[in-house]
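File shown: coords-v4.cif. Contents: mmCIF, C-alpha atoms and all ligand atoms.
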data_input
loop_
_atom_site.label_atom_id
_atom_site.label_comp_id
_atom_site.auth_asym_id
_atom_site.auth_seq_id
_atom_site.Cartn_x
_atom_site.Cartn_y
_atom_site.Cartn_z
CA MET A 1 -57.73 16.78 -11.86
CA GLU A 2 -54.61 15.78 -9.98
CA LYS A 3 -55.46 12.19 -9.31
CA ILE A 4 -54.49 9.47 -11.73
CA ILE A 5 -57.37 8.42 -13.95
CA VAL A 6 -57.99 5.23 -15.92
CA PHE A 7 -60.33 4.70 -18.85
CA GLY A 8 -61.08 2.41 -21.78
CA HIS A 9 -61.94 3.36 -25.35
CA LYS A 10 -64.67 5.63 -26.72
CA ASN A 11 -68.05 3.98 -27.30
CA PRO A 12 -67.20 1.79 -24.34
CA ASP A 13 -68.08 -1.90 -24.25
CA THR A 14 -68.30 -4.07 -21.15
CA ASP A 15 -64.54 -4.72 -21.13
CA SER A 16 -63.69 -1.02 -21.31
CA ILE A 17 -66.06 -0.14 -18.45
CA CYS A 18 -65.40 -3.12 -16.21
CA SER A 19 -61.64 -3.10 -16.78
CA SER A 20 -61.47 0.61 -15.87
CA LEU A 21 -63.23 -0.13 -12.58
CA VAL A 22 -61.06 -3.17 -11.93
CA MET A 23 -57.85 -1.37 -12.87
CA ALA A 24 -58.75 1.50 -10.51
CA ASN A 25 -59.23 -1.06 -7.74
CA LEU A 26 -55.96 -2.83 -8.54
CA GLN A 27 -53.86 0.31 -8.91
CA THR A 28 -55.31 1.94 -5.81
CA LYS A 29 -54.14 -1.12 -3.88
CA LEU A 30 -50.73 -1.19 -5.55
CA ARG A 31 -49.99 2.51 -5.22
CA ARG A 32 -51.78 3.24 -1.97
CA GLU A 33 -53.27 6.33 -3.60
CA GLU A 34 -56.64 6.66 -5.18
CA VAL A 35 -56.85 5.93 -8.91
CA ILE A 36 -60.16 6.97 -10.47
CA ALA A 37 -62.10 4.99 -13.06
CA CYS A 38 -63.55 7.08 -15.89
CA ARG A 39 -65.49 6.39 -19.07
CA LEU A 40 -65.57 8.09 -22.48
CA GLY A 41 -69.18 7.37 -23.39
CA GLU A 42 -72.57 6.00 -22.46
CA ILE A 43 -72.99 2.67 -20.71
CA ASN A 44 -74.62 0.11 -23.02
CA GLU A 45 -77.42 -2.27 -22.02
CA GLU A 46 -75.14 -5.24 -21.55
CA THR A 47 -72.75 -3.36 -19.29
CA LYS A 48 -75.66 -1.91 -17.35
CA TYR A 49 -76.81 -5.44 -16.62
CA ALA A 50 -73.38 -6.39 -15.26
CA LEU A 51 -73.04 -3.29 -13.08
CA GLU A 52 -76.51 -3.73 -11.60
CA TYR A 53 -75.99 -7.44 -11.05
CA PHE A 54 -72.84 -6.88 -9.03
CA GLY A 55 -74.01 -3.61 -7.46
CA VAL A 56 -71.20 -1.44 -8.83
CA GLN A 57 -71.51 2.21 -9.86
CA ALA A 58 -70.56 3.28 -13.36
CA PRO A 59 -67.25 5.15 -13.79
CA LYS A 60 -67.26 8.90 -14.05
CA PHE A 61 -67.90 10.36 -17.53
CA ILE A 62 -65.17 12.56 -19.01
CA GLU A 63 -64.97 14.22 -22.39
CA LYS A 64 -61.44 15.56 -22.44
CA ILE A 65 -58.40 15.85 -20.21
CA GLU A 66 -56.01 18.59 -19.20
CA GLU A 67 -52.44 18.81 -20.42
CA ASN A 68 -50.04 16.60 -18.40
CA GLN A 69 -52.85 14.68 -16.73
CA THR A 70 -51.51 11.29 -15.63
CA VAL A 71 -53.58 8.55 -17.21
CA MET A 72 -53.79 4.80 -17.49
CA LEU A 73 -55.34 3.15 -20.53
CA VAL A 74 -57.16 -0.14 -20.58
CA ASP A 75 -58.61 -2.00 -23.55
CA HIS A 76 -57.15 0.34 -26.18
CA ASN A 77 -54.03 2.22 -27.22
CA GLU A 78 -54.90 3.91 -30.51
CA PHE A 79 -55.26 7.64 -29.97
CA SER A 80 -58.18 7.79 -32.43
CA GLN A 81 -60.15 5.65 -29.94
CA SER A 82 -59.02 7.55 -26.85
CA VAL A 83 -59.94 10.69 -24.97
CA GLU A 84 -59.63 14.20 -26.37
CA GLY A 85 -56.24 15.57 -25.26
CA ILE A 86 -54.52 12.18 -25.04
CA GLU A 87 -51.57 13.46 -27.11
CA LYS A 88 -50.57 15.77 -24.26
CA ALA A 89 -51.27 13.43 -21.37
CA LYS A 90 -48.70 11.55 -19.34
CA ILE A 91 -49.46 7.93 -20.10
CA ASP A 92 -48.32 5.97 -17.07
CA THR A 93 -49.71 2.50 -17.72
CA VAL A 94 -51.42 0.56 -20.48
CA VAL A 95 -53.07 -2.84 -20.11
CA ASP A 96 -54.46 -3.99 -23.43
CA HIS A 97 -55.10 -6.89 -25.77
CA HIS A 98 -55.21 -5.06 -29.11
CA ARG A 99 -52.60 -4.46 -31.76
CA ILE A 100 -50.45 -1.40 -31.14
CA ASN A 101 -51.12 1.36 -33.65
CA ASN A 102 -50.40 5.10 -33.70
CA PHE A 103 -49.16 4.96 -30.15
CA GLN A 104 -46.26 6.91 -28.71
CA THR A 105 -45.24 8.44 -25.42
CA ALA A 106 -42.67 10.99 -24.30
CA GLU A 107 -41.63 8.95 -21.27
CA PRO A 108 -41.13 5.31 -20.31
CA LEU A 109 -44.23 3.51 -19.16
CA PHE A 110 -45.62 0.22 -17.90
CA TYR A 111 -47.15 -1.51 -20.93
CA TYR A 112 -48.75 -4.88 -20.41
CA ALA A 113 -50.18 -6.58 -23.47
CA GLN A 114 -50.90 -10.12 -24.53
CA PRO A 115 -52.97 -11.53 -27.38
CA VAL A 116 -55.73 -12.85 -25.12
CA GLY A 117 -59.50 -12.51 -25.45
CA CYS A 118 -60.02 -9.72 -22.95
CA THR A 119 -58.25 -7.00 -20.96
CA ALA A 120 -59.77 -8.38 -17.76
CA THR A 121 -57.88 -11.65 -18.26
CA LEU A 122 -54.65 -9.64 -18.00
CA LEU A 123 -55.88 -7.70 -14.99
CA PHE A 124 -56.74 -10.95 -13.21
CA GLU A 125 -53.19 -12.07 -13.93
CA LEU A 126 -51.86 -8.83 -12.41
CA TYR A 127 -53.78 -9.43 -9.18
CA LYS A 128 -52.17 -12.85 -9.00
CA LEU A 129 -48.67 -11.59 -9.85
CA ASN A 130 -48.99 -9.06 -7.04
CA ASN A 131 -50.50 -11.54 -4.58
CA LEU A 132 -53.61 -9.42 -4.19
CA GLU A 133 -56.95 -10.82 -3.20
CA VAL A 134 -59.88 -10.37 -5.59
CA GLU A 135 -63.20 -9.39 -4.00
CA PRO A 136 -66.35 -11.10 -5.36
CA LYS A 137 -67.65 -7.88 -6.96
CA ILE A 138 -64.37 -7.25 -8.72
CA ALA A 139 -64.32 -10.88 -9.87
CA GLY A 140 -67.84 -10.38 -11.22
CA LEU A 141 -66.71 -7.39 -13.25
CA MET A 142 -63.77 -9.28 -14.75
CA LEU A 143 -65.98 -12.27 -15.47
CA SER A 144 -68.51 -10.04 -17.26
CA ALA A 145 -65.80 -8.43 -19.38
CA ILE A 146 -64.39 -11.78 -20.51
CA ILE A 147 -67.82 -13.22 -21.28
CA SER A 148 -68.64 -10.09 -23.30
CA ASP A 149 -65.40 -9.93 -25.29
CA THR A 150 -65.28 -13.65 -26.06
CA LEU A 151 -69.03 -14.15 -26.55
CA LEU A 152 -69.03 -16.67 -23.72
CA LEU A 153 -65.71 -18.20 -24.83
CA LYS A 154 -66.95 -18.85 -28.38
CA SER A 155 -65.07 -16.15 -30.26
CA PRO A 156 -61.84 -17.17 -32.07
CA THR A 157 -60.06 -14.63 -29.87
CA THR A 158 -60.58 -16.90 -26.86
CA THR A 159 -57.43 -18.39 -25.32
CA GLU A 160 -56.81 -21.05 -22.65
CA LYS A 161 -56.02 -18.23 -20.24
CA ASP A 162 -59.46 -16.69 -20.77
CA LYS A 163 -61.15 -20.03 -20.18
CA LYS A 164 -59.24 -20.68 -16.97
CA SER A 165 -59.89 -17.16 -15.73
CA VAL A 166 -63.62 -17.51 -16.33
CA GLU A 167 -63.73 -20.71 -14.26
CA GLU A 168 -61.86 -19.14 -11.36
CA LEU A 169 -63.67 -15.80 -11.49
CA ALA A 170 -67.11 -17.42 -11.61
CA GLN A 171 -66.20 -19.24 -8.44
CA ILE A 172 -65.05 -16.12 -6.63
CA ALA A 173 -68.08 -14.16 -7.86
CA ASN A 174 -70.30 -17.08 -6.94
CA VAL A 175 -72.25 -17.28 -10.22
CA ASP A 176 -72.88 -19.99 -12.80
CA LYS A 177 -70.86 -18.77 -15.80
CA ASP A 178 -73.25 -20.20 -18.41
CA VAL A 179 -76.49 -19.00 -16.84
CA TYR A 180 -75.11 -15.57 -15.97
CA GLY A 181 -73.21 -15.35 -19.25
CA LEU A 182 -76.23 -15.93 -21.42
CA GLU A 183 -78.31 -13.40 -19.46
CA LEU A 184 -75.52 -10.85 -19.80
CA LEU A 185 -75.15 -11.32 -23.56
CA LYS A 186 -78.91 -11.30 -24.05
CA ALA A 187 -79.17 -7.98 -22.22
CA GLY A 188 -76.82 -6.59 -24.87
CA THR A 189 -79.03 -7.70 -27.76
CA ASN A 190 -81.86 -5.41 -26.72
CA LEU A 191 -81.39 -3.02 -29.65
CA ASP A 192 -84.97 -1.76 -30.01
CA LYS A 193 -84.43 1.09 -27.62
CA TYR A 194 -81.69 2.65 -29.75
CA THR A 195 -82.26 4.92 -32.72
CA GLU A 196 -80.36 4.08 -35.93
CA ALA A 197 -77.99 6.99 -35.26
CA GLU A 198 -77.23 5.51 -31.84
CA LEU A 199 -76.91 1.95 -33.13
CA ILE A 200 -74.14 2.77 -35.58
CA LYS A 201 -72.11 4.36 -32.78
CA LEU A 202 -72.88 1.92 -30.00
CA ASP A 203 -69.69 -0.09 -30.49
CA ALA A 204 -67.87 1.73 -33.26
CA LYS A 205 -64.10 1.78 -33.65
CA LYS A 206 -62.47 4.38 -35.80
CA VAL A 207 -59.15 3.64 -37.46
CA GLU A 208 -56.90 6.13 -39.21
CA LYS A 209 -54.10 4.74 -41.26
CA GLU A 210 -52.08 6.82 -43.66
CA ASN A 211 -54.74 8.71 -45.59
CA ILE A 212 -57.53 6.26 -45.01
CA LYS A 213 -60.16 6.70 -42.34
CA TYR A 214 -62.64 4.00 -41.59
CA VAL A 215 -65.04 2.74 -38.95
CA ILE A 216 -65.94 -0.80 -38.04
CA ALA A 217 -69.01 -0.88 -35.82
CA GLN A 218 -70.56 -3.98 -34.34
CA VAL A 219 -73.82 -4.93 -32.64
CA ASN A 220 -74.86 -8.25 -31.15
CA THR A 221 -78.26 -9.78 -31.78
CA VAL A 222 -80.20 -13.03 -31.67
CA SER A 223 -81.76 -12.18 -35.06
CA ILE A 224 -79.83 -10.52 -37.88
CA ALA A 225 -83.05 -10.24 -39.90
CA ASP A 226 -84.60 -8.16 -37.13
CA VAL A 227 -81.80 -5.63 -37.29
CA LEU A 228 -81.87 -5.57 -41.11
CA LYS A 229 -85.51 -4.51 -41.02
CA ARG A 230 -83.99 -1.13 -40.22
CA LYS A 231 -81.51 -1.28 -43.14
CA THR A 232 -82.73 1.81 -45.01
CA ARG A 233 -82.54 4.04 -41.96
CA LEU A 234 -79.22 2.53 -40.91
CA GLU A 235 -77.79 3.25 -44.36
CA GLU A 236 -78.95 6.86 -44.14
CA GLU A 237 -77.26 7.33 -40.80
CA ILE A 238 -74.09 5.59 -41.95
CA ASN A 239 -73.91 7.82 -45.04
CA ASN A 240 -74.40 10.88 -42.83
CA GLU A 241 -71.54 9.75 -40.66
CA ILE A 242 -69.31 9.10 -43.67
CA LYS A 243 -69.93 12.64 -44.89
CA LYS A 244 -69.54 14.25 -41.49
CA GLU A 245 -66.32 12.47 -40.55
CA GLY A 246 -64.84 12.22 -44.04
CA LEU A 247 -64.67 8.42 -43.85
CA ASN A 248 -63.62 6.16 -46.70
CA LEU A 249 -65.37 3.11 -45.36
CA PHE A 250 -68.01 2.19 -42.80
CA VAL A 251 -68.62 -1.45 -41.94
CA PHE A 252 -71.63 -2.04 -39.69
CA VAL A 253 -71.33 -5.61 -38.45
CA ILE A 254 -74.40 -7.41 -37.11
CA THR A 255 -73.38 -10.50 -35.18
CA ASP A 256 -75.68 -13.39 -34.36
CA ILE A 257 -74.37 -14.51 -30.97
CA VAL A 258 -76.36 -17.75 -30.97
CA ASN A 259 -75.16 -19.10 -34.32
CA SER A 260 -71.82 -17.24 -34.43
CA ASN A 261 -72.32 -15.60 -37.83
CA SER A 262 -72.27 -12.01 -39.03
CA GLU A 263 -73.68 -9.87 -41.80
CA ALA A 264 -72.56 -6.33 -42.41
CA ILE A 265 -73.74 -3.19 -44.13
CA VAL A 266 -70.78 -1.83 -46.09
CA LEU A 267 -70.67 1.74 -47.40
CA GLY A 268 -68.09 4.31 -48.54
CA ASP A 269 -65.67 4.79 -51.44
CA ARG A 270 -63.39 1.94 -50.30
CA THR A 271 -65.86 -0.95 -50.06
CA ASP A 272 -63.27 -2.85 -52.12
CA ALA A 273 -61.58 -3.54 -48.77
CA ILE A 274 -64.41 -5.99 -48.17
CA SER A 275 -65.46 -6.92 -51.71
CA LYS A 276 -62.00 -8.26 -52.56
CA THR A 277 -62.83 -11.11 -50.20
CA TYR A 278 -66.62 -11.25 -49.89
CA GLU A 279 -69.38 -10.51 -52.33
CA ILE A 280 -71.35 -7.38 -51.45
CA LYS A 281 -74.97 -7.38 -52.56
CA ASP A 282 -77.26 -4.42 -51.90
CA ASN A 283 -74.58 -3.08 -49.56
CA ILE A 284 -74.77 -6.29 -47.52
CA VAL A 285 -72.04 -8.83 -46.99
CA VAL A 286 -72.68 -12.25 -45.46
CA MET A 287 -69.80 -13.60 -43.36
CA PRO A 288 -70.41 -17.11 -42.06
CA GLY A 289 -68.49 -17.96 -38.90
CA VAL A 290 -67.24 -14.42 -38.42
CA VAL A 291 -67.77 -12.87 -34.98
CA SER A 292 -64.55 -11.06 -34.12
CA ARG A 293 -63.83 -7.56 -35.34
CA LYS A 294 -60.30 -7.67 -34.00
CA LYS A 295 -59.25 -11.04 -35.30
CA GLN A 296 -61.38 -11.53 -38.41
CA ILE A 297 -62.72 -8.27 -39.83
CA LEU A 298 -60.01 -5.74 -39.04
CA PRO A 299 -57.14 -7.84 -40.47
CA LEU A 300 -59.17 -8.41 -43.62
CA VAL A 301 -59.79 -4.69 -44.14
CA GLU A 302 -56.14 -3.87 -43.43
CA LYS A 303 -54.95 -6.46 -45.90
CA ASN A 304 -57.27 -5.29 -48.69
CA ILE A 305 -57.07 -1.53 -48.24
MN MN B 1 -63.27 -3.11 -26.02
MN MN B 2 -61.45 -5.84 -24.85
#
Turn the structure described in the file into structure tokens.
Ligand code: MN
Ligand code: MN
Amino acid sequence: MEKIIVFGHKNPDTDSICSSLVMANLQTKLRREEVIACRLGEINEETKYALEYFGVQAPKFIEKIEENQTVMLVDHNEFSQSVEGIEKAKIDTVVDHHRINNFQTAEPLFYYAQPVGCTATLLFELYKLNNLEVEPKIAGLMLSAIISDTLLLKSPTTTEKDKKSVEELAQIANVDKDVYGLELLKAGTNLDKYTEAELIKLDAKKVEKENIKYVIAQVNTVSIADVLKRKTRLEEEINNEIKKEGLNLFVFVITDIVNSNSEAIVLGDRTDAISKTYEIKDNIVVMPGVVSRKKQILPLVEKNI
């Protein structure tokens, strides 16, 4: 493929999918050459809702890339969360809101990062910086991404910039942010249609640091108890994954988006990364007020491991 491609992380969430589409739109305008949005995994139920609502087609699925392919990354930078072959790609641009880890390039690049709640907030800023108009559909995609990443502006990752962007984008997209937002998040809590093997990978992020390999996966629900009815099967699948991937730790976070709490199933030989801070009982940890993997769970694991 000769054209420039843009994609978010593996096990894509709404930000990774929507920001790829938005970034392709933005960069195509800026460069006057077509930039193609791609995805590294299946579209989840929440994202499907957003794409159908705004009448936008999903990005093209890719599994790996050729050597020297020019790429743009959104919503991630860690190679362990990126496409197969990323080490030999030419990374042209990154727009992201995560910590920078295990990232290096051979050549200079455009890297735009800020500690905001969502990649789309930064993309919206880039439209403004470049005096580009935002079409309603594109605004709808950015709005969906921010609502998803910030749990309708309730996550501790939310910044003033995210809040302002949501107001403006809702206006351009011509939707009520609260009504649409709740419908979008609710669409993502429809977990019944997934098998346990699918659930643990739905929104899983793998981290490799020194000799430690771990996964933090997260699902959203309106009832943690409902998800925990499947605990035995979930544990089986998590243990399979630990064996298969040689993981030291797997944290499966179940987040109640109504009450902003989480519980997690914790397995592996390094569960001390959690148990140093929280009590684990029957492989379950209760984390009141915790909803953000990036800002609350990941730093805790990193500190304890
Ligand atoms: Mn993401
Ligand atoms: Mn994001």
Query raised in the report: If you count all atoms listed in the file, which residues end up within 8 Å of ligand MN 1 (chain B), as a VMD selection string?
Result: chain A and resid 8 to 9 12 to 16 75 to 76 118 149
Query raised in the report: Which neighbours of segment 31-48 of chain A fall inside 7 Å, counting all atoms listed in the file, when residues of the same chain fewer than 5 positions from it are skipped, and could you give them as a PyMOL selection string?
Result: chain A and resi 3-14+17+20-21+24+59-63+83+184-185+187-188
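With atom CA of Asn240 of chain A on one side and atom CA of Val215 of chain A on the other, the separation reads 13.0 Å.
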Requested in this report: Select the residues contacting ligand MN 2 (chain B) at a distance of at most 12 Å, based on only C-alpha atoms and all ligand atoms, then format the selection as a count of residues only.
Outcome: 50
Report summary line: atom CA of Glu236 of chain A sits from atom CA of Tyr214 of chain A at a separation of 16.8 Å
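For the atom pair formed by atom CA of Val222 of chain A and atom CA of Ile257 of chain A, the distance is 6.1 Å, given to one decimal.
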Report task. Using only C-alpha atoms, find all polymer residues with an atom at most 8 Å away from the point (-67.0, -14.4, -5.8); report them as a ChimeraX atom specification. Result -> /A:135-137,139-140,169-175
Report task. May I have the residues within 7 Å of Val286 of chain A as number ranges by chain, using all atoms listed in the file and disregarding those fewer than 4 positions away in the same chain? Result -> A: 262-264
Query - Shell of 7 Å around Phe79 of chain A, all atoms listed in the file, local chain residues under 4 positions omitted, as a PyMOL selection string - result: chain A and resi 86+102-103
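With all atoms listed in the file taken into account, the protein and nucleic acid residues at most 8 Å from segment 247-251 of chain A (excluding it and anything under 2 positions from it in its own chain) are Ile212, Lys213, Tyr214, Val215, Ile216, Ala217, Ile238, Glu241, Ile242, Lys243, Lys244, Glu245, Val253, Ala264, Ile265, Val266, Leu267, Gly268, Asp269, Arg270 and Thr271 of chain A.
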Report task. In the coordinates of the file, take the point (-56.9, 23.1, -13.6) and a cut-off of 10 Å; then, counting only C-alpha atoms, name each qualifying protein, DNA or RNA residue as a VMD selection string. Result -> chain A and resid 1 to 2 65 to 67 69
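Distances from A:Val56, A:Val179, A:Met72, A:Ala225 to Ile138 of chain A were compared using all atoms listed in the file, and the smallest one belongs to A:Val56.
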Query - Close residues, Asp256 of chain A itself excluded, 9 Å, all atoms listed in the file, min 5 positions apart in chain, as a PyMOL selection string - result: chain A and resi 219-224+261-263+291
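Between Thr189 of chain A and the candidates A:Glu107, A:Asp226, A:Glu168, A:Glu208, the tightest atom-to-atom separation, counting all atoms listed in the file, involves A:Asp226.
Across A:Asp282, A:Asp176, A:Glu84, A:Glu133, the tightest approach to Thr232 of chain A is made by A:Asp282 when counting only C-alpha atoms.
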**Report entry** Option closest in space to Lys206 of chain A, from A:Asn283, A:Val258, A:Pro156, A:Gly246 [counting only C-alpha atoms]
**Finding:** A:Gly246
Query - Residue among A:Gly181, A:Ile200, A:Val207, A:Gly55 lying closest to Gln81 of chain A, counting all atoms listed in the file - result: A:Val207
Query - Residue nearest Asn304 of chain A - candidates A:Glu183, A:Glu198, A:Glu279, A:Asp272, atoms counted: all atoms listed in the file - result: A:Asp272
Can you rebuild segment 211-232 of chain A with N, CA, C and O atoms and give it as an mmCIF file, keeping the file's coordinate frame?
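That gives us rebuild28.cif:
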data_model
loop_
_atom_site.group_PDB
_atom_site.id
_atom_site.type_symbol
_atom_site.label_atom_id
_atom_site.label_comp_id
_atom_site.auth_asym_id
_atom_site.auth_seq_id
_atom_site.Cartn_x
_atom_site.Cartn_y
_atom_site.Cartn_z
ATOM 1 N N ASN A 211 -53.694 7.739 -45.255
ATOM 2 C CA ASN A 211 -54.740 8.710 -45.590
ATOM 3 C C ASN A 211 -56.129 8.112 -45.545
ATOM 4 O O ASN A 211 -57.075 8.723 -46.025
ATOM 5 N N ILE A 212 -56.237 6.926 -44.990
ATOM 6 C CA ILE A 212 -57.530 6.260 -45.010
ATOM 7 C C ILE A 212 -58.152 6.255 -43.621
ATOM 8 O O ILE A 212 -57.503 5.953 -42.627
ATOM 9 N N LYS A 213 -59.424 6.640 -43.600
ATOM 10 C CA LYS A 213 -60.160 6.700 -42.340
ATOM 11 C C LYS A 213 -61.353 5.775 -42.457
ATOM 12 O O LYS A 213 -62.140 5.902 -43.388
ATOM 13 N N TYR A 214 -61.466 4.861 -41.520
ATOM 14 C CA TYR A 214 -62.640 4.000 -41.590
ATOM 15 C C TYR A 214 -63.155 3.606 -40.215
ATOM 16 O O TYR A 214 -62.458 3.737 -39.206
ATOM 17 N N VAL A 215 -64.403 3.155 -40.194
ATOM 18 C CA VAL A 215 -65.040 2.740 -38.950
ATOM 19 C C VAL A 215 -65.554 1.318 -39.117
ATOM 20 O O VAL A 215 -66.122 0.967 -40.147
ATOM 21 N N ILE A 216 -65.287 0.503 -38.111
ATOM 22 C CA ILE A 216 -65.940 -0.800 -38.040
ATOM 23 C C ILE A 216 -66.784 -0.791 -36.773
ATOM 24 O O ILE A 216 -66.256 -0.675 -35.664
ATOM 25 N N ALA A 217 -68.095 -0.866 -36.958
ATOM 26 C CA ALA A 217 -69.010 -0.880 -35.820
ATOM 27 C C ALA A 217 -69.614 -2.271 -35.714
ATOM 28 O O ALA A 217 -69.675 -3.008 -36.706
ATOM 29 N N GLN A 218 -70.025 -2.636 -34.523
ATOM 30 C CA GLN A 218 -70.560 -3.980 -34.340
ATOM 31 C C GLN A 218 -71.697 -3.969 -33.327
ATOM 32 O O GLN A 218 -71.619 -3.293 -32.306
ATOM 33 N N VAL A 219 -72.758 -4.707 -33.629
ATOM 34 C CA VAL A 219 -73.820 -4.930 -32.640
ATOM 35 C C VAL A 219 -74.078 -6.437 -32.540
ATOM 36 O O VAL A 219 -73.880 -7.173 -33.498
ATOM 37 N N ASN A 220 -74.508 -6.855 -31.367
ATOM 38 C CA ASN A 220 -74.860 -8.250 -31.150
ATOM 39 C C ASN A 220 -76.378 -8.408 -31.171
ATOM 40 O O ASN A 220 -77.101 -7.547 -30.694
ATOM 41 N N THR A 221 -76.828 -9.542 -31.710
ATOM 42 C CA THR A 221 -78.260 -9.780 -31.780
ATOM 43 C C THR A 221 -78.543 -11.274 -31.721
ATOM 44 O O THR A 221 -77.619 -12.091 -31.849
ATOM 45 N N VAL A 222 -79.811 -11.636 -31.510
ATOM 46 C CA VAL A 222 -80.200 -13.030 -31.670
ATOM 47 C C VAL A 222 -80.908 -13.204 -33.009
ATOM 48 O O VAL A 222 -81.259 -14.313 -33.391
ATOM 49 N N SER A 223 -81.144 -12.101 -33.734
ATOM 50 C CA SER A 223 -81.760 -12.180 -35.060
ATOM 51 C C SER A 223 -81.238 -11.088 -35.982
ATOM 52 O O SER A 223 -81.594 -9.916 -35.855
ATOM 53 N N ILE A 224 -80.384 -11.488 -36.932
ATOM 54 C CA ILE A 224 -79.830 -10.520 -37.880
ATOM 55 C C ILE A 224 -80.956 -9.894 -38.721
ATOM 56 O O ILE A 224 -80.973 -8.691 -38.983
ATOM 57 N N ALA A 225 -81.928 -10.718 -39.082
ATOM 58 C CA ALA A 225 -83.050 -10.240 -39.900
ATOM 59 C C ALA A 225 -83.799 -9.097 -39.210
ATOM 60 O O ALA A 225 -84.220 -8.134 -39.858
ATOM 61 N N ASP A 226 -83.933 -9.210 -37.900
ATOM 62 C CA ASP A 226 -84.600 -8.160 -37.130
ATOM 63 C C ASP A 226 -83.897 -6.819 -37.275
ATOM 64 O O ASP A 226 -84.525 -5.780 -37.446
ATOM 65 N N VAL A 227 -82.575 -6.859 -37.183
ATOM 66 C CA VAL A 227 -81.800 -5.630 -37.290
ATOM 67 C C VAL A 227 -81.883 -5.092 -38.726
ATOM 68 O O VAL A 227 -82.013 -3.889 -38.952
ATOM 69 N N LEU A 228 -81.848 -6.007 -39.706
ATOM 70 C CA LEU A 228 -81.870 -5.570 -41.110
ATOM 71 C C LEU A 228 -83.212 -5.017 -41.554
ATOM 72 O O LEU A 228 -83.309 -4.404 -42.618
ATOM 73 N N LYS A 229 -84.240 -5.185 -40.736
ATOM 74 C CA LYS A 229 -85.510 -4.510 -41.020
ATOM 75 C C LYS A 229 -85.312 -2.996 -41.010
ATOM 76 O O LYS A 229 -86.098 -2.257 -41.580
ATOM 77 N N ARG A 230 -84.255 -2.563 -40.339
ATOM 78 C CA ARG A 230 -83.990 -1.130 -40.220
ATOM 79 C C ARG A 230 -82.891 -0.685 -41.209
ATOM 80 O O ARG A 230 -82.303 0.388 -41.052
ATOM 81 N N LYS A 231 -82.636 -1.518 -42.225
ATOM 82 C CA LYS A 231 -81.510 -1.280 -43.140
ATOM 83 C C LYS A 231 -81.520 0.114 -43.780
ATOM 84 O O LYS A 231 -80.499 0.804 -43.792
ATOM 85 N N THR A 232 -82.672 0.530 -44.310
ATOM 86 C CA THR A 232 -82.730 1.810 -45.010
ATOM 87 C C THR A 232 -82.312 2.967 -44.098
ATOM 88 O O THR A 232 -81.488 3.808 -44.480
#
